[in-house]
Structures are given as C-alpha cells and as structure tokens.
file final_33.txt (compact mmCIF, C-alpha atoms)
# COMPACT_ATOMS: atom_id res chain seq x y z
CA MET R 1 -43.96 22.49 -60.95
CA PRO R 2 -47.13 24.34 -59.97
CA ALA R 3 -46.88 26.09 -56.59
CA SER R 4 -49.50 26.66 -53.92
CA ILE R 5 -50.32 30.16 -52.70
CA GLU R 6 -51.68 31.06 -49.29
CA PHE R 7 -52.76 34.36 -47.76
CA ARG R 8 -52.88 34.41 -43.95
CA GLY R 9 -54.56 37.42 -42.35
CA VAL R 10 -53.15 39.72 -45.01
CA SER R 11 -53.95 43.43 -44.89
CA VAL R 12 -52.69 46.29 -47.01
CA ASP R 13 -53.53 49.62 -45.42
CA GLY R 14 -56.61 51.15 -46.97
CA ILE R 15 -56.93 48.44 -49.63
CA LEU R 16 -57.16 44.90 -48.23
CA HIS R 17 -58.62 43.80 -44.91
CA ASP R 18 -57.57 40.60 -43.18
CA LEU R 19 -57.53 38.37 -46.22
CA ASP R 20 -57.41 34.59 -45.86
CA LEU R 21 -57.21 32.54 -49.03
CA ARG R 22 -55.62 29.30 -50.13
CA ILE R 23 -54.98 28.45 -53.74
CA GLY R 24 -53.88 24.87 -54.36
CA ALA R 25 -51.02 23.94 -56.67
CA GLY R 26 -52.29 23.73 -60.23
CA GLU R 27 -55.59 25.49 -59.53
CA ALA R 28 -56.91 28.18 -61.88
CA VAL R 29 -58.60 30.96 -59.93
CA ALA R 30 -60.19 34.14 -61.22
CA PHE R 31 -60.34 37.25 -59.03
CA ILE R 32 -63.32 39.34 -59.93
CA GLY R 33 -64.88 42.50 -58.57
CA ARG R 34 -65.31 46.15 -59.35
CA SER R 35 -62.34 48.53 -59.72
CA GLY R 36 -60.69 49.27 -56.38
CA ALA R 37 -61.98 46.05 -54.79
CA GLY R 38 -58.44 44.86 -54.04
CA LYS R 39 -58.01 42.12 -56.63
CA THR R 40 -54.95 43.57 -58.37
CA THR R 41 -53.26 44.32 -55.04
CA THR R 42 -53.89 40.75 -53.95
CA LEU R 43 -52.34 39.49 -57.18
CA ARG R 44 -49.30 41.75 -56.76
CA LEU R 45 -48.73 40.46 -53.23
CA ILE R 46 -47.95 37.07 -54.72
CA ASN R 47 -44.81 38.17 -56.59
CA GLY R 48 -43.84 40.91 -54.18
CA LEU R 49 -44.86 43.88 -56.32
CA ALA R 50 -47.01 44.85 -53.34
CA THR R 51 -46.12 44.36 -49.67
CA PRO R 52 -48.57 43.42 -46.92
CA SER R 53 -48.89 45.78 -43.94
CA ARG R 54 -49.87 42.77 -41.83
CA GLY R 55 -50.10 39.03 -42.37
CA ASP R 56 -48.15 36.61 -44.55
CA VAL R 57 -48.23 35.44 -48.12
CA LEU R 58 -46.86 31.93 -48.42
CA ILE R 59 -45.68 30.28 -51.62
CA ASP R 60 -45.48 26.49 -51.32
CA GLY R 61 -45.93 26.94 -47.58
CA ALA R 62 -43.04 29.35 -47.06
CA LYS R 63 -42.64 33.10 -46.97
CA PRO R 64 -40.36 34.12 -49.87
CA VAL R 65 -37.07 35.57 -48.64
CA ASP R 66 -35.85 36.85 -51.98
CA PHE R 67 -38.44 37.72 -54.62
CA ILE R 68 -36.05 37.68 -57.57
CA PRO R 69 -35.82 33.87 -57.91
CA LEU R 70 -39.56 33.59 -57.22
CA ARG R 71 -40.35 36.13 -59.96
CA ARG R 72 -38.26 34.13 -62.44
CA LYS R 73 -40.56 31.18 -61.76
CA THR R 74 -43.72 33.30 -61.90
CA GLY R 75 -45.26 34.40 -65.19
CA TYR R 76 -46.87 37.83 -65.22
CA ILE R 77 -49.21 39.07 -67.91
CA ILE R 78 -50.59 42.59 -67.75
CA GLN R 79 -52.95 44.79 -69.70
CA GLY R 80 -51.15 46.45 -72.60
CA SER R 81 -48.56 43.62 -72.54
CA GLY R 82 -45.61 45.66 -71.15
CA LEU R 83 -43.40 44.37 -73.97
CA PHE R 84 -39.94 45.89 -74.21
CA PRO R 85 -40.28 48.31 -77.14
CA HIS R 86 -36.55 48.22 -77.92
CA ARG R 87 -36.47 44.47 -78.36
CA THR R 88 -37.82 42.24 -81.09
CA VAL R 89 -40.60 39.73 -80.53
CA TYR R 90 -38.03 36.95 -80.19
CA GLU R 91 -35.83 38.94 -77.79
CA ASN R 92 -38.88 39.72 -75.67
CA VAL R 93 -39.84 36.06 -75.45
CA ALA R 94 -36.20 35.10 -74.81
CA THR R 95 -35.86 37.51 -71.86
CA LEU R 96 -36.43 35.00 -69.09
CA PRO R 97 -34.61 32.06 -70.72
CA ARG R 98 -31.60 34.37 -71.06
CA LEU R 99 -31.84 35.42 -67.40
CA LEU R 100 -31.97 31.73 -66.55
CA LYS R 101 -28.98 31.13 -68.84
CA TRP R 102 -30.63 28.60 -71.14
CA ASP R 103 -28.56 27.79 -74.18
CA GLU R 104 -29.66 29.68 -77.28
CA THR R 105 -30.77 26.58 -79.22
CA ARG R 106 -33.21 25.57 -76.50
CA THR R 107 -34.49 29.14 -76.11
CA LYS R 108 -35.07 29.39 -79.82
CA SER R 109 -36.88 26.10 -80.19
CA GLU R 110 -39.11 26.73 -77.15
CA ALA R 111 -39.91 30.27 -78.28
CA ALA R 112 -40.63 29.16 -81.83
CA ALA R 113 -42.93 26.34 -80.75
CA LEU R 114 -44.80 28.60 -78.37
CA LEU R 115 -45.23 31.51 -80.78
CA ASP R 116 -46.42 29.12 -83.49
CA LYS R 117 -48.95 27.68 -81.06
CA LEU R 118 -50.16 31.17 -80.18
CA GLY R 119 -50.83 31.93 -83.83
CA LEU R 120 -47.72 33.99 -84.48
CA PRO R 121 -45.59 32.05 -87.00
CA PHE R 122 -42.01 32.38 -85.77
CA GLU R 123 -40.48 33.07 -89.20
CA LYS R 124 -42.85 35.96 -89.75
CA PHE R 125 -42.89 37.54 -86.30
CA ALA R 126 -39.57 36.83 -84.55
CA ALA R 127 -37.68 39.82 -85.92
CA ARG R 128 -40.51 42.35 -85.64
CA TYR R 129 -40.69 45.07 -83.02
CA PRO R 130 -43.72 45.35 -80.72
CA ARG R 131 -44.88 48.67 -82.17
CA SER R 132 -45.50 47.00 -85.54
CA LEU R 133 -47.95 44.52 -83.98
CA SER R 134 -51.66 44.87 -83.29
CA GLY R 135 -52.86 44.96 -79.67
CA GLY R 136 -53.94 41.32 -79.85
CA GLU R 137 -50.62 40.22 -81.35
CA GLN R 138 -48.70 42.14 -78.68
CA GLN R 139 -50.70 40.40 -75.99
CA ARG R 140 -49.96 37.00 -77.57
CA VAL R 141 -46.27 37.84 -77.36
CA GLY R 142 -46.87 38.92 -73.74
CA ILE R 143 -48.34 35.49 -73.01
CA ALA R 144 -45.44 33.72 -74.74
CA ARG R 145 -42.93 35.79 -72.77
CA ALA R 146 -44.67 34.96 -69.50
CA ILE R 147 -44.91 31.21 -69.99
CA VAL R 148 -41.87 30.29 -72.07
CA ALA R 149 -39.84 29.26 -69.02
CA ARG R 150 -42.70 27.09 -67.71
CA PRO R 151 -43.52 29.06 -64.55
CA GLY R 152 -45.09 27.36 -61.53
CA ILE R 153 -47.41 30.32 -61.06
CA LEU R 154 -49.01 32.44 -63.75
CA LEU R 155 -50.39 35.83 -62.72
CA CYS R 156 -52.65 37.66 -65.15
CA ASP R 157 -53.83 41.19 -64.44
CA GLU R 158 -56.69 42.00 -66.82
CA PRO R 159 -54.52 40.88 -69.72
CA PHE R 160 -57.26 41.19 -72.32
CA GLY R 161 -58.93 44.27 -70.86
CA ALA R 162 -57.96 46.66 -73.65
CA LEU R 163 -58.85 44.41 -76.59
CA ASP R 164 -61.97 44.38 -78.72
CA PRO R 165 -64.50 41.64 -77.88
CA ILE R 166 -63.64 39.35 -80.80
CA VAL R 167 -59.87 39.45 -80.30
CA ARG R 168 -60.52 39.09 -76.60
CA ARG R 169 -62.48 35.93 -77.14
CA GLU R 170 -59.80 34.49 -79.41
CA LEU R 171 -57.16 35.19 -76.80
CA GLN R 172 -59.23 33.60 -74.05
CA ASP R 173 -59.42 30.48 -76.20
CA SER R 174 -55.67 30.50 -76.91
CA PHE R 175 -55.07 31.03 -73.22
CA THR R 176 -57.22 28.11 -72.08
CA ALA R 177 -55.73 25.85 -74.76
CA ILE R 178 -52.17 26.61 -73.73
CA ARG R 179 -53.06 26.46 -70.06
CA GLU R 180 -54.05 22.83 -70.33
CA GLU R 181 -50.54 21.73 -71.22
CA ARG R 182 -48.58 24.16 -69.09
CA ASN R 183 -49.67 23.00 -65.68
CA ALA R 184 -49.23 26.16 -63.59
CA THR R 185 -51.19 27.66 -60.72
CA ILE R 186 -53.13 30.48 -62.34
CA VAL R 187 -54.50 33.66 -60.81
CA PHE R 188 -56.46 35.74 -63.29
CA VAL R 189 -57.77 39.20 -62.42
CA THR R 190 -60.67 40.47 -64.49
CA HIS R 191 -63.85 42.44 -64.09
CA ASP R 192 -65.54 40.46 -66.82
CA LEU R 193 -67.68 37.69 -65.39
CA ALA R 194 -67.87 35.67 -68.59
CA GLU R 195 -64.09 35.82 -68.91
CA ALA R 196 -63.63 34.70 -65.31
CA MET R 197 -65.87 31.68 -65.91
CA ARG R 198 -64.09 30.83 -69.15
CA VAL R 199 -60.48 30.92 -67.91
CA ALA R 200 -60.84 29.55 -64.39
CA GLU R 201 -62.69 26.83 -62.54
CA ARG R 202 -62.80 28.76 -59.28
CA VAL R 203 -63.93 32.35 -58.86
CA VAL R 204 -63.13 34.62 -55.91
CA VAL R 205 -65.23 37.76 -55.69
CA PHE R 206 -63.74 40.88 -54.08
CA ASP R 207 -65.64 43.85 -52.75
CA GLY R 208 -64.24 46.71 -50.67
CA GLY R 209 -60.97 44.91 -49.93
CA ARG R 210 -62.66 41.72 -48.73
CA ILE R 211 -63.57 38.38 -50.24
CA VAL R 212 -67.34 38.18 -50.48
CA ALA R 213 -67.62 34.93 -52.40
CA ASP R 214 -65.37 32.00 -53.20
CA THR R 215 -67.06 29.44 -55.38
CA SER R 216 -66.73 27.22 -58.41
CA ALA R 217 -67.19 29.01 -61.72
CA ARG R 218 -70.20 26.87 -62.52
CA GLU R 219 -72.10 27.82 -59.37
CA LEU R 220 -71.26 31.50 -59.50
CA PRO R 221 -74.45 32.64 -61.33
CA ARG R 222 -76.57 31.19 -58.52
CA HIS R 223 -74.55 32.68 -55.67
CA GLU R 224 -76.50 34.67 -53.06
CA ALA R 225 -74.00 37.41 -52.11
CA PRO R 226 -75.23 40.87 -53.18
CA ALA R 227 -71.89 41.78 -54.79
CA VAL R 228 -72.10 38.62 -56.90
CA ARG R 229 -75.75 39.28 -57.83
CA ALA R 230 -74.73 42.77 -58.95
CA LEU R 231 -71.97 41.35 -61.15
CA VAL R 232 -74.27 38.73 -62.66
CA ALA R 233 -76.98 41.33 -63.30
CA ALA R 234 -74.47 43.69 -64.93
CA ALA R 235 -73.14 40.92 -67.18
CA SER R 236 -76.48 39.69 -68.54
CA LEU R 237 -77.96 40.87 -71.81
CA PRO R 238 -81.25 42.80 -71.89
CA SER R 239 -84.12 40.35 -72.40
CA MET A 1 -1.44 80.48 -84.19
CA THR A 2 -2.81 78.86 -87.30
CA VAL A 3 -6.51 78.24 -87.83
CA LEU A 4 -5.84 74.54 -88.09
CA ARG A 5 -4.03 74.34 -84.78
CA ALA A 6 -6.67 76.47 -83.05
CA THR A 7 -9.43 74.23 -84.43
CA GLY A 8 -7.57 71.16 -83.18
CA GLU A 9 -7.24 72.64 -79.71
CA HIS A 10 -10.87 73.63 -79.74
CA ILE A 11 -11.96 70.09 -80.57
CA VAL A 12 -9.71 68.65 -77.85
CA ILE A 13 -11.13 71.00 -75.19
CA VAL A 14 -14.72 70.28 -76.17
CA VAL A 15 -14.30 66.51 -76.48
CA ILE A 16 -12.59 66.19 -73.08
CA ALA A 17 -15.23 68.38 -71.43
CA VAL A 18 -18.20 66.57 -72.97
CA VAL A 19 -16.80 63.11 -72.27
CA VAL A 20 -16.21 63.98 -68.61
CA ALA A 21 -19.67 65.58 -68.43
CA ILE A 22 -21.17 62.32 -69.74
CA LEU A 23 -19.20 60.26 -67.22
CA ILE A 24 -20.48 62.43 -64.37
CA GLY A 25 -23.85 63.49 -65.79
CA VAL A 26 -25.37 60.15 -66.81
CA PRO A 27 -24.82 58.44 -63.42
CA LEU A 28 -25.97 61.63 -61.70
CA GLY A 29 -29.08 61.66 -63.88
CA VAL A 30 -29.80 57.97 -63.16
CA TRP A 31 -29.48 58.70 -59.45
CA ALA A 32 -31.61 61.85 -59.65
CA ALA A 33 -34.35 60.07 -61.62
CA ARG A 34 -34.94 57.68 -58.73
CA ARG A 35 -35.07 60.19 -55.91
CA ALA A 36 -37.74 62.83 -56.22
CA ARG A 37 -36.41 65.25 -53.60
CA ALA A 38 -32.64 64.79 -53.75
CA GLY A 39 -32.90 64.52 -57.54
CA GLY A 40 -34.78 67.80 -57.72
CA PHE A 41 -32.09 69.45 -55.61
CA ALA A 42 -29.31 68.10 -57.85
CA LEU A 43 -31.11 69.42 -60.91
CA ARG A 44 -31.46 72.86 -59.33
CA VAL A 45 -27.72 72.94 -58.64
CA VAL A 46 -26.77 72.12 -62.23
CA ASP A 47 -29.46 74.58 -63.37
CA ALA A 48 -27.89 77.30 -61.23
CA ILE A 49 -24.44 76.65 -62.71
CA GLN A 50 -25.92 77.21 -66.15
CA THR A 51 -27.16 80.68 -65.18
CA ILE A 52 -23.66 81.95 -64.36
CA PRO A 53 -22.42 84.01 -67.33
CA SER A 54 -19.64 82.02 -68.95
CA LEU A 55 -17.03 84.76 -68.76
CA ALA A 56 -17.74 85.15 -65.03
CA LEU A 57 -17.54 81.37 -64.48
CA PHE A 58 -14.10 81.28 -66.11
CA GLY A 59 -13.13 84.16 -63.83
CA PHE A 60 -14.45 82.47 -60.70
CA LEU A 61 -12.44 79.34 -61.43
CA ILE A 62 -9.06 81.06 -61.81
CA PRO A 63 -8.31 81.43 -58.06
CA ILE A 64 -9.46 77.89 -57.14
CA PRO A 65 -6.50 75.63 -56.33
CA PHE A 66 -5.81 72.52 -58.46
CA ILE A 67 -8.64 73.04 -60.95
CA GLY A 68 -8.14 76.78 -61.48
CA GLY A 69 -5.40 78.98 -62.80
CA ILE A 70 -4.72 80.27 -66.28
CA GLY A 71 -4.87 77.81 -69.11
CA MET A 72 -6.64 74.96 -70.77
CA ARG A 73 -7.40 73.00 -67.62
CA THR A 74 -9.57 75.76 -66.16
CA ALA A 75 -11.37 76.11 -69.47
CA ILE A 76 -12.16 72.41 -69.51
CA VAL A 77 -13.49 72.48 -65.94
CA ALA A 78 -15.82 75.35 -66.80
CA LEU A 79 -17.05 73.58 -69.92
CA ILE A 80 -17.72 70.39 -67.94
CA LEU A 81 -19.89 72.38 -65.55
CA TYR A 82 -21.83 73.87 -68.47
CA SER A 83 -22.25 70.56 -70.22
CA LEU A 84 -23.62 68.83 -67.14
CA LEU A 85 -27.08 70.37 -67.22
CA PRO A 86 -28.34 69.04 -70.56
CA VAL A 87 -26.79 65.62 -69.92
CA VAL A 88 -28.25 65.26 -66.41
CA ARG A 89 -31.62 66.72 -67.33
CA ASN A 90 -32.08 64.56 -70.41
CA THR A 91 -30.99 61.43 -68.54
CA VAL A 92 -33.61 62.14 -65.88
CA THR A 93 -36.27 62.82 -68.53
CA GLY A 94 -35.35 59.69 -70.46
CA ILE A 95 -35.43 57.39 -67.45
CA ARG A 96 -38.62 58.87 -66.02
CA GLY A 97 -40.17 58.54 -69.47
CA VAL A 98 -39.92 54.74 -69.47
CA GLU A 99 -43.47 53.42 -69.49
CA PRO A 100 -44.37 52.13 -66.01
CA ALA A 101 -45.83 48.92 -67.47
CA VAL A 102 -42.53 48.18 -69.23
CA ARG A 103 -40.50 48.78 -66.09
CA GLU A 104 -42.92 46.68 -64.06
CA ALA A 105 -42.74 43.85 -66.56
CA GLY A 106 -38.98 43.83 -66.06
CA VAL A 107 -39.28 43.79 -62.27
CA ALA A 108 -41.91 41.07 -62.40
CA MET A 109 -39.69 38.88 -64.58
CA GLY A 110 -37.01 38.96 -61.92
CA PHE A 111 -34.57 41.55 -63.24
CA THR A 112 -32.22 42.80 -60.55
CA PRO A 113 -32.23 46.62 -60.22
CA ARG A 114 -28.94 46.65 -62.12
CA GLN A 115 -30.28 44.50 -64.96
CA LEU A 116 -33.36 46.69 -65.12
CA LEU A 117 -31.16 49.76 -65.49
CA PHE A 118 -28.86 48.38 -68.17
CA GLU A 119 -31.30 46.25 -70.12
CA VAL A 120 -34.46 48.35 -69.96
CA GLU A 121 -34.13 51.85 -68.57
CA LEU A 122 -30.90 53.05 -70.17
CA PRO A 123 -31.60 51.63 -73.64
CA LEU A 124 -35.04 53.24 -73.63
CA ALA A 125 -33.66 56.53 -72.30
CA MET A 126 -30.84 56.55 -74.86
CA PRO A 127 -32.47 58.80 -77.50
CA SER A 128 -33.10 61.41 -74.82
CA ILE A 129 -29.59 61.06 -73.38
CA VAL A 130 -28.02 61.43 -76.83
CA ALA A 131 -30.13 64.54 -77.41
CA GLY A 132 -28.71 65.93 -74.15
CA ILE A 133 -25.16 65.14 -75.27
CA ARG A 134 -25.85 66.87 -78.58
CA ILE A 135 -27.05 70.03 -76.83
CA ALA A 136 -24.08 69.88 -74.46
CA THR A 137 -21.62 69.50 -77.36
CA VAL A 138 -23.04 72.33 -79.45
CA THR A 139 -23.16 74.63 -76.42
CA ALA A 140 -19.61 73.68 -75.41
CA ILE A 141 -18.28 74.48 -78.90
CA GLY A 142 -19.71 77.99 -78.56
CA VAL A 143 -18.72 78.60 -74.96
CA ALA A 144 -15.21 77.26 -75.58
CA THR A 145 -14.45 80.32 -77.73
CA ILE A 146 -14.64 82.39 -74.54
CA ALA A 147 -12.09 80.10 -72.86
CA ALA A 148 -9.38 82.04 -74.70
CA ALA A 149 -10.03 84.89 -72.25
CA ILE A 150 -8.29 82.86 -69.55
CA GLY A 151 -5.66 81.40 -71.83
CA GLY A 152 -7.59 78.26 -72.64
CA GLY A 153 -6.58 78.24 -76.29
CA GLY A 154 -8.80 77.16 -79.14
CA LEU A 155 -10.56 79.22 -81.79
CA GLY A 156 -11.41 81.93 -79.25
CA THR A 157 -7.74 82.94 -79.32
CA LEU A 158 -8.14 84.11 -82.92
CA ILE A 159 -11.40 85.90 -82.13
CA PHE A 160 -9.99 87.73 -79.10
CA ARG A 161 -6.91 88.71 -81.08
CA GLY A 162 -9.11 89.91 -83.93
CA VAL A 163 -11.22 92.00 -81.56
CA ALA A 164 -8.12 93.55 -79.97
CA MET A 165 -6.69 94.40 -83.39
CA VAL A 166 -10.06 95.37 -84.89
CA ASP A 167 -9.36 92.82 -87.61
CA SER A 168 -12.55 91.29 -88.97
CA THR A 169 -10.69 88.71 -91.05
CA LEU A 170 -8.97 87.37 -87.96
CA ILE A 171 -12.31 87.29 -86.07
CA LEU A 172 -13.84 85.31 -88.92
CA GLU A 173 -10.92 82.89 -88.94
CA GLY A 174 -11.95 81.97 -85.43
CA ALA A 175 -15.71 82.33 -85.76
CA LEU A 176 -16.34 80.43 -88.98
CA PRO A 177 -14.61 77.18 -87.99
CA ALA A 178 -16.39 77.35 -84.60
CA ALA A 179 -19.75 77.68 -86.33
CA ALA A 180 -18.86 74.89 -88.75
CA LEU A 181 -17.85 72.61 -85.87
CA ALA A 182 -21.15 73.27 -84.12
CA LEU A 183 -23.15 72.49 -87.26
CA ILE A 184 -21.21 69.30 -87.96
CA ALA A 185 -21.55 68.10 -84.35
CA ASP A 186 -25.27 68.84 -84.43
CA ALA A 187 -25.79 66.95 -87.70
CA VAL A 188 -23.79 63.90 -86.58
CA MET A 189 -25.54 63.65 -83.22
CA THR A 190 -28.97 64.18 -84.74
CA THR A 191 -28.30 61.24 -87.06
CA ILE A 192 -27.32 59.04 -84.12
CA GLU A 193 -30.42 60.14 -82.24
CA ARG A 194 -32.71 59.25 -85.17
CA ARG A 195 -31.10 55.83 -85.47
CA LEU A 196 -31.85 55.17 -81.82
CA ILE A 197 -35.53 56.02 -82.05
CA ARG A 198 -37.39 52.99 -83.26
call {"tool": "encode", "arguments": {"input": "final_33.txt", "output": "structure tokens"}}
result
Amino acid sequence: MPASIEFRGVSVDGILHDLDLRIGAGEAVAFIGRSGAGKTTTLRLINGLATPSRGDVLIDGAKPVDFIPLRRKTGYIIQGSGLFPHRTVYENVATLPRLLKWDETRTKSEAAALLDKLGLPFEKFAARYPRSLSGGEQQRVGIARAIVARPGILLCDEPFGALDPIVRRELQDSFTAIREERNATIVFVTHDLAEAMRVAERVVVFDGGRIVADTSARELPRHEAPAVRALVAAASLPS
Amino acid sequence: MTVLRATGEHIVIVVIAVVVAILIGVPLGVWAARRARAGGFALRVVDAIQTIPSLALFGFLIPIPFIGGIGMRTAIVALILYSLLPVVRNTVTGIRGVEPAVREAGVAMGFTPRQLLFEVELPLAMPSIVAGIRIATVTAIGVATIAAAIGGGGLGTLIFRGVAMVDSTLILEGALPAAALALIADAVMTTIERRLIR
C-alpha cells in the first residue's frame, strides 16, 4: 500500500529551514536543486537516516516510533547501488524478503520475475557477484533489491547520477515502466531537470534549504522562480 | 624432551593463545571501530603492550597472582597479550573499511544493528581479520620460543638448553621446527585469506 508523507515545520540545523510539504499516497515527486540545497537530507528524513532538529515527519499521518519496520516497507535506491559485494545478485535481491521471512519459493519467483523485467535474465545473472556487473547492471539490481518486497514508499537518491547518458536514459525508462505496476509513493532526488520531468509528475525545487517551487512537471519550464529559471537555463541546449 | 613432544607443546600454547586472542580481540575491535575516542584509546593500550620486550613481559607476569607464576599458563597469558594487537587492529581496519554506501544500504533496508554486524560488516571485514589472525599466529610461534625462559615448555626449551650447553645441534632442533611451523601457519592462513577476497 502506498503511504503518504508529510513534513511539518521541519528544520535540520544548517541544512533545512522550516520545511512544510505533503506528498500524497501514490504520488511520484522529484526533488531537484543544486548540490547542498537540502534535497537529500529531506529524503533521508523520511526513513530516519537523518533526524530533524525541529518539526515532525509523518508517515501515513503518524510519527514513526521505530524506523526498522518502516525501513522494511521503504525501498531505497542510491547512487552507486550500495549492493553487498559479498553476496550474489540473487542474494542481494533476496535480502529484504529474507528479513521479512518469505518462503524461499516465493522469494525466488518474485526475484526472477523482477530481474527478467529489468533486463537481467535470472538464469544468467542470479549467481553473479556485483563486481562482475557494469554500473548500469548494478543499478538495475539495486532497483530490484529496493522494490522486490513491494514497498509503500520508494526513495531514490540520484540513483542514475554516475551512469553515462545512454544507460541513464534506459534506466529511467525501465524505472518508469516498473513504477506503473508497483504503486508506491515515490520521492526521487536528482539535479537533472529532464530526469525529474521524466520520472515524476510533480517537481519540488530546493534552494538553500527551502522549497522555492512546487509544481507539476509539465508546468515547470514556465515557472517564474529564479532558482527554477536557472535550472531550466542550465538544462537547455545551445541554440 | 623430544623434538616431537616440544613441537606438540609449542602448537598447544600457540593455538590456545591465538584462539583466546580472537575471542577477546574481535569483539574489542568491533567495539573500537564504532567509537572514535574510546576505540583509539583501546588501540593505544594494545599497541603499548606490543612494545614491551617479550622476555620482560614474561618476567612481569610471574609475580601476578592467578595468571602468573612459572609455567605454561603464564606463557599463554603473555602470548594472548601479544596476539591481541594484530587481531584488534585488523578488525578495526576491516570494519571501518566497509564502504559507507553498503552499510547505509543495510541500515535503510531495516537491518538491526546486530544484523548489520553479522550479515554485512563482519563478512566484509573477514579478509582483514584473517590477515590479523595470521600475523598474530606467526608472531606467537616465534615469541613462544622465549616462553621456555619461564618454564612455559615448547620448542624454546630445546633452544635454551642448546644455548646453555653451547650445542648448535640442540638449538637447531628447537629452531628449525619453530621456523617450519611459522611458515606452514603463514601459508595456510594466506590461502584462507585469498579465498575470502572476492
């Protein structure tokens, strides 16, 4: 079940200032802005990897008491994938199902279906170790690992940031395709405007620890805020 | 004392000492890796123990009640103290060497601190820990020859006797098996280490 996320007057000393934001269940939101704007910190507040100095972060209307169960229902995809180097592709994907004590048959069939869908044929990839995969393949495994247990929230922190433009585009397409059927609330941090517009329908622009724009992806290019204009100008090709 | 019996004793002393050093050193290393200041202090203490000349350390231990006295027990205690440093240090290095993104992925997936330790940190630190155990073992095999000075037994007994009698053959009867043991231990542990590095 997708979960709603709400920030109420949230500050993190020196990084975020009095943030108010509501993300509805099932929404796909991109956080965009320059480095140090506070987008990653905001993302990390959702699963408790960062702690607010003031204010509350509510998941489905309540402040999480224990983050461990919440994290098991929250997918997390990061740049460089963070795959466990000592475990095979299958073991990496099976991490969360095993924590949740799924039976092995179910884990295997879900993992196989998902890896196949992400362009990594199970027979060929299951027994391989992450270091034998390309960056793009590793990130596909990272996506599979994050969504195999059907999380209610999917957090993505510049997941495709380190990939070349072509692989990046392919992964964005895989991501949007798989997103359709997974039905999770998505928060996607990126500093790439085109990527933000491709993966999300709503874009929140951060600058200096504050939200300076919150708009639909379609209307973003026409937004008036200077920080948005700067992003749009930086993203456009020379004429 | 026959060479065979002395070698057997030597192996027993070293194995007991290294096993106890692992049982103390790995948890100590895990603890030290998580606490910058207290961990640094712990490392300095085990470092300091290592700087005490081995003969002097054996001597210092003799008057201590329960663990001291003349004999094998004192020798084992001294060897444990010597073996701690490489085990603790390499455990710390191994755990601190785990890529932050990998550790964070574990936390973000809802591992408890204990699961993170046993499923991510320790397996990834294992090559480094095994290297520490290898260094500890090889060092202990050498230092254990000195244990004979306080009646600890082992191959050192033959060496000390040979020195007292100016008998090179007797010295070699102690020294050669000790060297061979060290080489064998090193080769075996290096193989294990290589297997662990993927």
call {"tool": "interface_residues", "arguments": {"input": "final_33.txt", "of": "chain R", "to": "chain A", "cutoff": "9 Å", "atoms": "only C-alpha atoms", "output": "ChimeraX atom specification"}}
result
/R:47-49,67-86,95-96,99,129,131,146
call {"tool": "atom_distance", "arguments": {"input": "final_33.txt", "atom1": "atom CA of Val93 of chain R", "atom2": "atom CA of Lys124 of chain R"}}
result
14.6 Å
call {"tool": "atom_distance", "arguments": {"input": "final_33.txt", "atom1": "atom CA of Leu176 of chain A", "atom2": "atom CA of Phe58 of chain A"}}
result
23.0 Å
call {"tool": "residues_around", "arguments": {"input": "final_33.txt", "residues": "segment 137-140 of chain A", "least_positions_apart": "4", "cutoff": "7 Å", "atoms": "only C-alpha atoms", "output": "list in words"}}
result
Val14, Val18, Leu79, Ser83, Ile133, Ala144, Ala182, Ala185 and Asp186 of chain A
call {"tool": "write_last_selection", "arguments": {"input": "final_33.txt", "atoms": "C-alpha atoms", "output": "compact mmCIF listing (two decimals), in the frame of the given file"}}
result
# COMPACT_ATOMS: atom_id res chain seq x y z
CA VAL A 14 -14.72 70.28 -76.17
CA VAL A 18 -18.20 66.57 -72.97
CA LEU A 79 -17.05 73.58 -69.92
CA SER A 83 -22.25 70.56 -70.22
CA ILE A 133 -25.16 65.14 -75.27
CA ALA A 144 -15.21 77.26 -75.58
CA ALA A 182 -21.15 73.27 -84.12
CA ALA A 185 -21.55 68.10 -84.35
CA ASP A 186 -25.27 68.84 -84.43
call {"tool": "residues_around", "arguments": {"input": "final_33.txt", "residues": "segment 215-225 of chain R", "least_positions_apart": "2", "cutoff": "12 Å", "atoms": "all atoms listed in the file", "output": "PyMOL selection string"}}
result
chain R and resi 27-32+193-207+211-213+227-236
call {"tool": "residues_around", "arguments": {"input": "final_33.txt", "residues": "Ile5 of chain R", "least_positions_apart": "2", "cutoff": "8 Å", "atoms": "only C-alpha atoms", "output": "VMD selection string"}}
result
chain R and resid 3 7 22 to 25 46 57 to 61
call {"tool": "residues_around", "arguments": {"input": "final_33.txt", "residues": "Pro177 of chain A", "least_positions_apart": "3", "cutoff": "8 Å", "atoms": "only C-alpha atoms", "output": "MDAnalysis selection string"}}
result
chainID A and resid 7 155 173:174 180:181
call {"tool": "atom_distance", "arguments": {"input": "final_33.txt", "atom1": "atom CA of Arg54 of chain R", "atom2": "atom CA of Val10 of chain R"}}
result
5.5 Å
call {"tool": "closest_residue", "arguments": {"input": "final_33.txt", "among": "A:Gly59, A:Pro27, A:Gly132, A:Gly40", "to": "Gly71 of chain A", "atoms": "all atoms listed in the file"}}
result
A:Gly59
call {"tool": "residues_around", "arguments": {"input": "final_33.txt", "residues": "Tyr82 of chain A", "least_positions_apart": "6", "cutoff": "12 Å", "atoms": "all atoms listed in the file", "output": "PyMOL selection string"}}
result
chain A and resi 14+17-18+20-22+25+45-55+57-58+75-76+88+132-133+135-144
